[in-house]
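> Sharing run_22.txt below, compact mmCIF, N, CA and C atoms:
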```
# COMPACT_ATOMS: atom_id res chain seq x y z
N MET V 1 -6.96 9.09 9.30
CA MET V 1 -7.66 8.00 9.94
C MET V 1 -7.48 6.73 9.12
N ALA V 2 -7.36 5.64 9.82
CA ALA V 2 -7.19 4.35 9.16
C ALA V 2 -8.27 3.38 9.66
N PHE V 3 -8.56 2.40 8.83
CA PHE V 3 -9.52 1.36 9.19
C PHE V 3 -8.74 0.11 9.58
N TYR V 4 -9.12 -0.49 10.69
CA TYR V 4 -8.46 -1.69 11.17
C TYR V 4 -9.50 -2.81 11.31
N PRO V 5 -9.41 -3.86 10.50
CA PRO V 5 -10.30 -5.01 10.71
C PRO V 5 -9.80 -5.78 11.94
N VAL V 6 -10.71 -6.06 12.86
CA VAL V 6 -10.33 -6.76 14.09
C VAL V 6 -11.26 -7.94 14.30
N ILE V 7 -10.78 -8.90 15.09
CA ILE V 7 -11.56 -10.07 15.43
C ILE V 7 -11.42 -10.34 16.92
N ASN V 8 -12.54 -10.71 17.54
CA ASN V 8 -12.53 -11.03 18.96
C ASN V 8 -12.00 -12.45 19.12
N LYS V 9 -10.97 -12.61 19.96
CA LYS V 9 -10.32 -13.91 20.13
C LYS V 9 -11.21 -14.95 20.79
N THR V 10 -12.16 -14.51 21.60
CA THR V 10 -13.00 -15.48 22.31
C THR V 10 -14.30 -15.77 21.57
N THR V 11 -14.94 -14.75 21.01
CA THR V 11 -16.24 -14.97 20.37
C THR V 11 -16.15 -15.14 18.86
N GLY V 12 -15.06 -14.69 18.24
CA GLY V 12 -14.92 -14.76 16.80
C GLY V 12 -15.62 -13.63 16.06
N GLU V 13 -16.22 -12.70 16.80
CA GLU V 13 -16.90 -11.55 16.18
C GLU V 13 -15.88 -10.71 15.41
N GLN V 14 -16.30 -10.24 14.24
CA GLN V 14 -15.43 -9.40 13.42
C GLN V 14 -16.06 -8.04 13.25
N LYS V 15 -15.22 -7.01 13.24
CA LYS V 15 -15.68 -5.66 12.96
C LYS V 15 -14.50 -4.84 12.46
N GLU V 16 -14.81 -3.63 12.04
CA GLU V 16 -13.78 -2.72 11.54
C GLU V 16 -13.84 -1.45 12.36
N VAL V 17 -12.70 -1.03 12.89
CA VAL V 17 -12.65 0.19 13.69
C VAL V 17 -11.85 1.25 12.93
N GLU V 18 -12.24 2.50 13.10
CA GLU V 18 -11.57 3.61 12.42
C GLU V 18 -10.94 4.51 13.47
N MET V 19 -9.64 4.74 13.33
CA MET V 19 -8.93 5.60 14.27
C MET V 19 -7.54 5.92 13.73
N SER V 20 -6.88 6.84 14.40
CA SER V 20 -5.52 7.19 14.00
C SER V 20 -4.55 6.11 14.49
N VAL V 21 -3.32 6.17 14.00
CA VAL V 21 -2.31 5.20 14.40
C VAL V 21 -2.03 5.30 15.90
N LEU V 22 -1.99 6.52 16.43
CA LEU V 22 -1.76 6.70 17.86
C LEU V 22 -2.91 6.12 18.67
N GLU V 23 -4.14 6.35 18.23
CA GLU V 23 -5.30 5.80 18.93
C GLU V 23 -5.29 4.27 18.86
N TRP V 24 -4.83 3.70 17.74
CA TRP V 24 -4.79 2.25 17.57
C TRP V 24 -3.92 1.60 18.63
N SER V 25 -2.78 2.18 18.93
CA SER V 25 -1.90 1.62 19.96
C SER V 25 -2.61 1.57 21.31
N GLN V 26 -3.29 2.64 21.65
CA GLN V 26 -4.01 2.69 22.92
C GLN V 26 -5.20 1.73 22.91
N TRP V 27 -5.90 1.63 21.78
CA TRP V 27 -7.06 0.76 21.66
C TRP V 27 -6.67 -0.70 21.89
N LYS V 28 -5.52 -1.10 21.34
CA LYS V 28 -5.05 -2.48 21.53
C LYS V 28 -4.81 -2.78 23.01
N GLU V 29 -4.26 -1.81 23.74
CA GLU V 29 -4.02 -2.01 25.17
C GLU V 29 -5.34 -2.08 25.94
N ASP V 30 -6.30 -1.26 25.54
CA ASP V 30 -7.59 -1.20 26.23
C ASP V 30 -8.50 -2.38 25.89
N ASN V 31 -8.26 -3.07 24.80
CA ASN V 31 -9.11 -4.16 24.33
C ASN V 31 -8.27 -5.42 24.07
N PRO V 32 -7.81 -6.09 25.11
CA PRO V 32 -6.92 -7.24 24.91
C PRO V 32 -7.61 -8.45 24.26
N ASP V 33 -8.95 -8.51 24.29
CA ASP V 33 -9.66 -9.64 23.66
C ASP V 33 -9.74 -9.50 22.15
N TRP V 34 -9.39 -8.35 21.63
CA TRP V 34 -9.47 -8.10 20.19
C TRP V 34 -8.07 -8.08 19.60
N GLN V 35 -7.96 -8.60 18.38
CA GLN V 35 -6.67 -8.55 17.68
C GLN V 35 -6.91 -8.20 16.22
N ARG V 36 -5.87 -7.77 15.56
CA ARG V 36 -5.95 -7.42 14.14
C ARG V 36 -6.29 -8.66 13.34
N ASP V 37 -7.23 -8.54 12.40
CA ASP V 37 -7.65 -9.66 11.56
C ASP V 37 -6.86 -9.61 10.26
N TRP V 38 -5.92 -10.54 10.11
CA TRP V 38 -5.05 -10.60 8.94
C TRP V 38 -5.58 -11.56 7.88
N SER V 39 -6.76 -12.15 8.09
CA SER V 39 -7.25 -13.19 7.19
C SER V 39 -7.70 -12.68 5.82
N ASP V 40 -8.11 -11.42 5.73
CA ASP V 40 -8.60 -10.87 4.46
C ASP V 40 -7.46 -10.21 3.70
N PRO V 41 -7.06 -10.72 2.53
CA PRO V 41 -5.95 -10.12 1.79
C PRO V 41 -6.25 -8.69 1.33
N GLU V 42 -7.52 -8.32 1.23
CA GLU V 42 -7.88 -6.95 0.82
C GLU V 42 -7.46 -5.93 1.87
N THR V 43 -7.52 -6.31 3.15
CA THR V 43 -7.22 -5.38 4.22
C THR V 43 -5.87 -5.63 4.87
N CYS V 44 -5.16 -6.61 4.40
CA CYS V 44 -3.87 -6.96 4.96
C CYS V 44 -2.77 -6.15 4.27
N PRO V 45 -2.05 -5.31 5.01
CA PRO V 45 -0.97 -4.56 4.38
C PRO V 45 0.21 -5.46 4.07
N GLY V 46 0.97 -5.06 3.10
CA GLY V 46 2.17 -5.83 2.78
C GLY V 46 2.51 -5.71 1.31
N MET V 47 3.47 -6.48 0.91
CA MET V 47 3.93 -6.48 -0.46
C MET V 47 2.94 -7.23 -1.34
N GLY V 48 2.49 -6.59 -2.37
CA GLY V 48 1.63 -7.27 -3.32
C GLY V 48 2.45 -8.04 -4.32
N ILE V 49 1.97 -9.18 -4.70
CA ILE V 49 2.68 -9.98 -5.69
C ILE V 49 2.02 -9.72 -7.02
N GLU V 50 2.75 -9.11 -7.90
CA GLU V 50 2.22 -8.77 -9.20
C GLU V 50 3.11 -9.37 -10.28
N ALA V 51 2.51 -9.83 -11.32
CA ALA V 51 3.27 -10.37 -12.44
C ALA V 51 3.54 -9.25 -13.44
N GLY V 52 4.68 -9.30 -14.07
CA GLY V 52 4.99 -8.32 -15.09
C GLY V 52 6.11 -7.38 -14.69
N GLU V 53 6.68 -6.79 -15.66
CA GLU V 53 7.78 -5.86 -15.46
C GLU V 53 7.23 -4.47 -15.16
N TRP V 54 7.81 -3.78 -14.17
CA TRP V 54 7.30 -2.47 -13.78
C TRP V 54 7.43 -1.46 -14.91
N LYS V 55 8.44 -1.61 -15.74
CA LYS V 55 8.61 -0.66 -16.85
C LYS V 55 7.48 -0.80 -17.85
N ASP V 56 7.08 -2.04 -18.13
CA ASP V 56 5.97 -2.26 -19.05
C ASP V 56 4.67 -1.70 -18.49
N LYS V 57 4.45 -1.90 -17.18
CA LYS V 57 3.24 -1.38 -16.55
C LYS V 57 3.22 0.14 -16.60
N LEU V 58 4.36 0.76 -16.35
CA LEU V 58 4.43 2.22 -16.40
C LEU V 58 4.14 2.72 -17.80
N ASN V 59 4.68 2.07 -18.79
CA ASN V 59 4.48 2.48 -20.18
C ASN V 59 3.02 2.31 -20.60
N LYS V 60 2.36 1.24 -20.14
CA LYS V 60 0.96 1.03 -20.48
C LYS V 60 0.05 2.03 -19.79
N LYS V 61 0.36 2.34 -18.54
CA LYS V 61 -0.48 3.26 -17.77
C LYS V 61 -0.27 4.70 -18.19
N HIS V 62 0.97 5.06 -18.50
CA HIS V 62 1.32 6.43 -18.90
C HIS V 62 2.17 6.36 -20.17
N PRO V 63 1.54 6.21 -21.34
CA PRO V 63 2.29 6.00 -22.58
C PRO V 63 3.23 7.15 -22.95
N SER V 64 2.97 8.33 -22.48
CA SER V 64 3.82 9.46 -22.85
C SER V 64 5.00 9.64 -21.89
N TRP V 65 5.18 8.73 -20.95
CA TRP V 65 6.24 8.87 -19.96
C TRP V 65 7.63 8.85 -20.60
N LYS V 66 7.80 8.05 -21.63
CA LYS V 66 9.10 7.98 -22.31
C LYS V 66 9.46 9.34 -22.92
N GLU V 67 8.47 10.03 -23.46
CA GLU V 67 8.72 11.37 -24.02
C GLU V 67 9.17 12.34 -22.94
N VAL V 68 8.56 12.24 -21.77
CA VAL V 68 8.95 13.11 -20.66
C VAL V 68 10.41 12.84 -20.28
N LEU V 69 10.79 11.57 -20.19
CA LEU V 69 12.17 11.25 -19.85
C LEU V 69 13.15 11.72 -20.93
N ASN V 70 12.74 11.65 -22.18
CA ASN V 70 13.60 12.14 -23.26
C ASN V 70 13.84 13.64 -23.13
N LYS V 71 12.81 14.38 -22.74
CA LYS V 71 12.98 15.83 -22.53
C LYS V 71 13.92 16.10 -21.37
N VAL V 72 13.82 15.29 -20.31
CA VAL V 72 14.71 15.46 -19.16
C VAL V 72 16.14 15.17 -19.56
N LYS V 73 16.34 14.13 -20.36
CA LYS V 73 17.70 13.78 -20.81
C LYS V 73 18.31 14.89 -21.66
N ALA V 74 17.48 15.64 -22.37
CA ALA V 74 17.99 16.70 -23.22
C ALA V 74 18.40 17.93 -22.42
N GLY V 75 17.96 18.02 -21.17
CA GLY V 75 18.26 19.18 -20.33
C GLY V 75 19.65 19.11 -19.73
N PRO V 76 20.01 20.15 -18.97
CA PRO V 76 21.33 20.18 -18.35
C PRO V 76 21.48 19.08 -17.30
N GLY V 77 22.65 18.49 -17.23
CA GLY V 77 22.91 17.43 -16.26
C GLY V 77 22.78 16.05 -16.85
N LYS V 78 21.76 15.80 -17.65
CA LYS V 78 21.54 14.56 -18.39
C LYS V 78 21.72 13.32 -17.53
N LYS V 79 21.00 13.24 -16.41
CA LYS V 79 21.13 12.10 -15.51
C LYS V 79 20.00 11.08 -15.65
N ALA V 80 19.02 11.37 -16.48
CA ALA V 80 17.92 10.43 -16.67
C ALA V 80 18.37 9.26 -17.52
N LYS V 81 17.82 8.09 -17.23
CA LYS V 81 18.18 6.88 -17.99
C LYS V 81 16.95 6.40 -18.77
N ASP V 82 17.22 5.66 -19.83
CA ASP V 82 16.13 5.09 -20.60
C ASP V 82 15.42 4.01 -19.80
N LEU V 83 14.13 3.86 -20.04
CA LEU V 83 13.40 2.78 -19.42
C LEU V 83 13.61 1.47 -20.15
N TYR V 84 14.01 1.53 -21.41
CA TYR V 84 14.10 0.32 -22.23
C TYR V 84 15.53 0.04 -22.63
```
Would you mind writing the structure in this file as structure tokens?


Amino acid sequence: MAFYPVINKTTGEQKEVEMSVLEWSQWKEDNPDWQRDWSDPETCPGMGIEAGEWKDKLNKKHPSWKEVLNKVKAGPGKKAKDLY
């Protein structure tokens, strides 16, 4: 189940509806006065803009990750690459 923030195009009323993706398609057809509310960045799906290098974030969040990759590199095949 997913939550969809919606806004009424005529009255401006806002609410959040909970339903499956399949139900959402039907709900949109049944409720033409309502549309998805994209104004709140918290509920708006999409690419997040984050500052910083992903490798640094991974290392800070999981400091032992480099050790795991070193063990993988030591195994057969040796296809793992260094993060740094």

> Tell me, in Å to one decimal, how far atom CA of Gln14 of chain V is from atom CA of Asn31 of chain V.

13.7 Å

> Rounded to one decimal, what separation in Å do you get between atom CA of Lys78 of chain V and atom CA of Asp56 of chain V?

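Separation between atom CA of Lys78 of chain V and atom CA of Asp56 of chain V: 22.9 Å.
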
> Just give me the gap between atom CA of Trp38 of chain V and atom CA of Trp54 of chain V in Å, one decimal is fine.

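Result for atom CA of Trp38 of chain V versus atom CA of Trp54 of chain V: 27.1 Å, one decimal.
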
> At a cut-off of 8 Å from (-11.8, -0.5, 11.0) in the coordinates of the file, what residues are picked up using only N, CA and C atoms, written as a list in words?

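In the file's frame, the residues around the point are Ala2, Phe3, Tyr4, Pro5, Val6, Lys15, Glu16, Val17, Glu18 and Met19 of chain V.
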
> For segment 27-41 of chain V, take all atoms listed in the file, fit an axis-aligned box around them, add 4 Å to each of the six sides, then output centre and edge lengths in Å rounded to one decimal, as lines of an AutoDock Vina configuration file.


```
center_x = -6.9
center_y = -5.8
center_z = 13.8
size_x = 13.7
size_y = 22.8
size_z = 32.9
```

> Smallest atom-to-atom distance to Asp33 of chain V: which of V:Glu13, V:Glu67, V:Asn8, V:Lys57, using only C-alpha atoms?

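That would be V:Asn8, the residue with the smallest distance to Asp33 of chain V.
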